[in-house]
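To start, the structure itself, in structure tokens.
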Amino acid sequence: MKTTYYQLITFCMLIFAGPVYPCTTFLIAGKYTSDGKPILFKNRDTETMQNSLVIFSDGKFKYLGLVDGNDEWDKMVWGGFNETGFAIINSAAYNNNIGDTSEYMDQEGVVMKLALQTCKTLADFESLLNSLPRPMGLDANFGVIDAFGGAAFYETGNYDFSKYDANDPDIAPAGMLIRTNHSLRSDPEEGFGYCRYNTATAALEDLLIAKSLKPADLFGATSRNLFHSLTKTDLRDNVPLKRDLPEFRFFIDYIPRESTSSAILIIGAKDQSNAKDIMAYTILGFPLTSVAIPAWITESLYLPKAVAMRSDLTSPICTAALALKDKCFPVKHDRGWNYINLSVVINKENNGYLQLLAPVETQILNETADLITQLELGNKNERDILLLYNRIDNLLEKKYKELFDITLFD
């Protein structure tokens, strides 16, 4: 698949006027994946670093949501899926409401929660958008999949929306759609995220060609991608010698950023009869200092302790990842957040945080893949999911203590 429109984009925005939350998202329709399952992904950037997972039962359907660690945790969801196989994520667009002076805004998390509570299909989501009062308080690209083969982005402003169907070969020749922080239907000189769009496009197209869509590959192409499409700089090409010898790199407009708080990769259901198979891998805290952890909606509503929200509105793995992230960005004065100490992330001693955590995550992903296969064959059930959760929690507790002297669970 060749890029057309964005090959013409040769600039990126390095300085923003006001707060910008630069998420990177994509989806792939199920008919283009080897197992028939659609894929939905969000690398989340926000000012709220504490993220957790919660399973809700406050709607028509049970649903799993990625939430902020603040007092509005139960009012907004920033990505998730429900028991019918419906899933949704978003990225802020910043160019759907050009010239609009409406003051009603920032309703994306509210709408996604409502969608998870009530929607089963893409058509349901379209009906929901059509039913909302105007202005809707939205400026977003919503990525949506369902258990009926649906996969689309909805570029949405205060008064209308446009659908981009991943099953339409004229729109998505390989079934993949990518969105960062602008909508394609609007002025290409407005919005943000062009560098990240180009980085993600190149990396994901390579995976599609190689037919390699495993979670590790997808996270590597996005949340752990250290290539910059404008400067053609790959931070992996010239890594520091030692972890205790700081080396700083300018860290703007890579997909992972100082503002990245989490990533969620949702593997959808291949059809309606297998809706219960929908699940997600989440990386909470910071992708370079955390690991991917699986989650399903179980009858018991249990989650791994590492990702579940505690009474203080934090999750253990997010807290641990943020403690390590602080060492990645130790310069607190001036604009120190623009510079990452690459030495503690990757180095030639192979003891950077990302390097030390790689085998831990590989073990988790391999065990999860094996369980998924057995679940689909009918050889395993919810009890085995809960046993996997327990093994993952024990592994993480041991490794974060052993590797970083961090106590994961009180």
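Identifiers in the structure tokens: chain A, B, ... in order shown; residue index from 1 per chain; ligand index from 1 in order shown.
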
Margin query: Among stretch 84-219 of chain A, which residues does DSSP mark as helix (DSSP H, G or I) when it is run on the backbone? Keep the chain and numbering as in the structure and answer as a PyMOL selection string.
Written below: chain A and resi 108-118+122-131+194-210+215-219

Restrict the calculation to only C-alpha atoms, then for each residue of stretch 53-137 of chain A with any atom at most 12 Å from an atom of stretch 193-212 of chain A give the closest atom pair and their distance in Å to one decimal, rows by chain and rising residue number, as JSON lines.
{"residue": "A:Ser91", "atom": "CA", "partner": "A:Gly193", "partner_atom": "CA", "distance": 10.3}
{"residue": "A:Ala92", "atom": "CA", "partner": "A:Gly193", "partner_atom": "CA", "distance": 10.1}
{"residue": "A:Ala93", "atom": "CA", "partner": "A:Gly193", "partner_atom": "CA", "distance": 9.2}
{"residue": "A:Tyr94", "atom": "CA", "partner": "A:Gly193", "partner_atom": "CA", "distance": 10.2}
{"residue": "A:Asn95", "atom": "CA", "partner": "A:Gly193", "partner_atom": "CA", "distance": 11.6}

Output N, CA and C atoms for every residue in that selection, as a CSV table (one decimal), in the first residue's frame.
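Printed below is part.csv as written:
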chain,number,residue,atom,x,y,z
A,91,SER,N,-8.8,10.0,18.9
A,91,SER,CA,-7.7,11.0,18.9
A,91,SER,C,-8.3,12.3,18.7
A,92,ALA,N,-7.8,13.3,19.4
A,92,ALA,CA,-8.3,14.7,19.2
A,92,ALA,C,-7.9,15.1,17.8
A,93,ALA,N,-8.7,15.9,17.2
A,93,ALA,CA,-8.5,16.3,15.8
A,93,ALA,C,-8.0,17.7,15.6
A,94,TYR,N,-8.6,18.6,16.3
A,94,TYR,CA,-8.2,20.0,16.2
A,94,TYR,C,-8.4,20.8,14.9
A,95,ASN,N,-9.1,20.2,14.0
A,95,ASN,CA,-9.5,20.9,12.8
A,95,ASN,C,-10.9,20.6,12.2

Checklist line | Which residue of A:Leu387, A:Leu132, A:Ile89, A:Leu375 approaches A:Lys113 most closely, using only C-alpha atoms | finding: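 Residue with the minimum atom-to-atom distance to A:Lys113: A:Ile89.
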
Check: Looking at only C-alpha atoms, which of A:Leu386, A:Leu241, A:Ala295, A:Ile255 is the one that sits closest to A:Asn347?
Finding: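 Ranking A:Leu386, A:Leu241, A:Ala295, A:Ile255 by distance to A:Asn347, first place goes to A:Leu241.
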
Residues of stretch 126-153 of chain A at most 10 Å from stretch 56-79 of chain A: nearest atom pair and distance in Å, only C-alpha atoms, as CSV:
residue,atom,partner,partner_atom,distance
A:Phe142,CA,A:Gly79,CA,9.7
A:Gly143,CA,A:Gly79,CA,9.4
A:Val144,CA,A:Gly79,CA,9.9

Margin query: So that I can see what lies close to A:Leu122, please list as a list in words the residues with an atom at most 9 Å from it, counting only C-alpha atoms and leaving out residues fewer than 5 positions away in the same chain.
Written below: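 My list of contacting residues is Phe86, Ser127, Val144, Ile145, Asp146, Phe148, Gly150, Ala151 and Ala152 of chain A.
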
Next item on the list: Find the residues near stretch 25-32 of chain A: any atom within 8 Å, counting only C-alpha atoms, skip ones fewer than 4 places away on the same chain, and give them as a PyMOL selection string.
Entry: chain A and resi 36-43+89-91+143+145+149-152+166-167+174-180+270

Margin query: Set the distance at 9 Å and use only C-alpha atoms: which residues neighbour stretch 390-407 of chain A once local chain neighbours fewer than 6 positions away are removed? I'd like the list as a VMD selection string.
Written below: chain A and resid 293 304 to 306 316 to 317 320 323 to 324 353 356 to 357 360 364

If you keep C-alpha atoms, can you produce a file of those selected residues as an mmCIF file, in the first residue's frame?
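Wrote it out as again35.cif, contents follow:
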data_model
loop_
_atom_site.group_PDB
_atom_site.id
_atom_site.type_symbol
_atom_site.label_atom_id
_atom_site.label_comp_id
_atom_site.auth_asym_id
_atom_site.auth_seq_id
_atom_site.Cartn_x
_atom_site.Cartn_y
_atom_site.Cartn_z
ATOM 1 C CA ILE A 293 -0.873 -6.803 30.020
ATOM 2 C CA PRO A 304 -5.016 -8.293 36.783
ATOM 3 C CA LYS A 305 -4.146 -6.433 39.999
ATOM 4 C CA ALA A 306 -1.368 -4.649 38.137
ATOM 5 C CA PRO A 316 0.241 -0.491 40.466
ATOM 6 C CA ILE A 317 1.909 -0.934 37.084
ATOM 7 C CA ALA A 320 5.816 1.792 38.872
ATOM 8 C CA ALA A 323 8.653 6.157 38.765
ATOM 9 C CA LEU A 324 11.001 4.863 36.062
ATOM 10 C CA TYR A 353 14.555 -0.132 31.213
ATOM 11 C CA LEU A 356 15.267 -5.289 30.875
ATOM 12 C CA LEU A 357 11.484 -5.396 30.540
ATOM 13 C CA VAL A 360 9.218 -10.012 30.894
ATOM 14 C CA ILE A 364 3.423 -12.450 29.166
#

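Of the residues under consideration (A:Gly268, A:Thr33, A:Pro22, A:Arg185), A:Arg185 shows the shortest atom-to-atom contact distance to A:Ile98 when counting only C-alpha atoms.
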
Notebook entry, point to check: Hey, which of A:Gln117, A:Thr48, A:Thr233, A:Asn158 ends up closest to A:Leu129? Count only C-alpha atoms.
Noted result: A:Asn158

Checklist line | Shortest interatomic distance to A:Lys242 - which of A:Pro188, A:Gly285, A:Gly352, A:Gly336, counting only C-alpha atoms | finding: A:Gly352

Margin query: With DSSP run on the backbone, what are the strand (DSSP E or B) residues within stretch 176-313 of chain A? I'd like them as a VMD selection string.
Written below: chain A and resid 176 to 179 181 192 227 to 228 233 to 234 248 to 250 260 to 267 279 to 284 292 to 295 308

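The gap separating atom CA of A:Ile88 from atom CA of A:Thr121 is 10.8 Å, in Å to one decimal.
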
Check: Hey, which of A:Glu83, A:Asp244, A:Glu382, A:Asp271 ends up closest to A:Val345? Count only C-alpha atoms.
Finding: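 The shortest atom-to-atom distance to A:Val345 comes from A:Asp244.
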
Next item on the list: Just the residues within 9 Å of A:Thr298, please, counting only C-alpha atoms, with nothing from its chain fewer than 2 positions along; format it as a PyMOL selection string.
Entry: chain A and resi 276+295-296+300-303+382+385-386

For those residues, write C-alpha atoms to a file as a PDB file, in the first residue's frame.
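Writing the result to again_28.pdb gives the following:
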ATOM      1  CA  LYS A 276     -16.852 -12.851  24.004  1.00  0.00           C
ATOM      2  CA  ALA A 295      -7.512  -8.175  29.854  1.00  0.00           C
ATOM      3  CA  TRP A 296     -10.904  -9.680  29.078  1.00  0.00           C
ATOM      4  CA  SER A 300     -16.327 -12.313  37.747  1.00  0.00           C
ATOM      5  CA  LEU A 301     -15.332  -8.850  36.433  1.00  0.00           C
ATOM      6  CA  TYR A 302     -11.790  -9.451  37.707  1.00  0.00           C
ATOM      7  CA  LEU A 303      -8.723  -7.814  36.163  1.00  0.00           C
ATOM      8  CA  GLU A 382     -12.554 -18.122  32.547  1.00  0.00           C
ATOM      9  CA  ILE A 385      -7.913 -16.437  32.418  1.00  0.00           C
ATOM     10  CA  LEU A 386      -7.900 -15.719  36.142  1.00  0.00           C
TER      11      LEU A 386
END
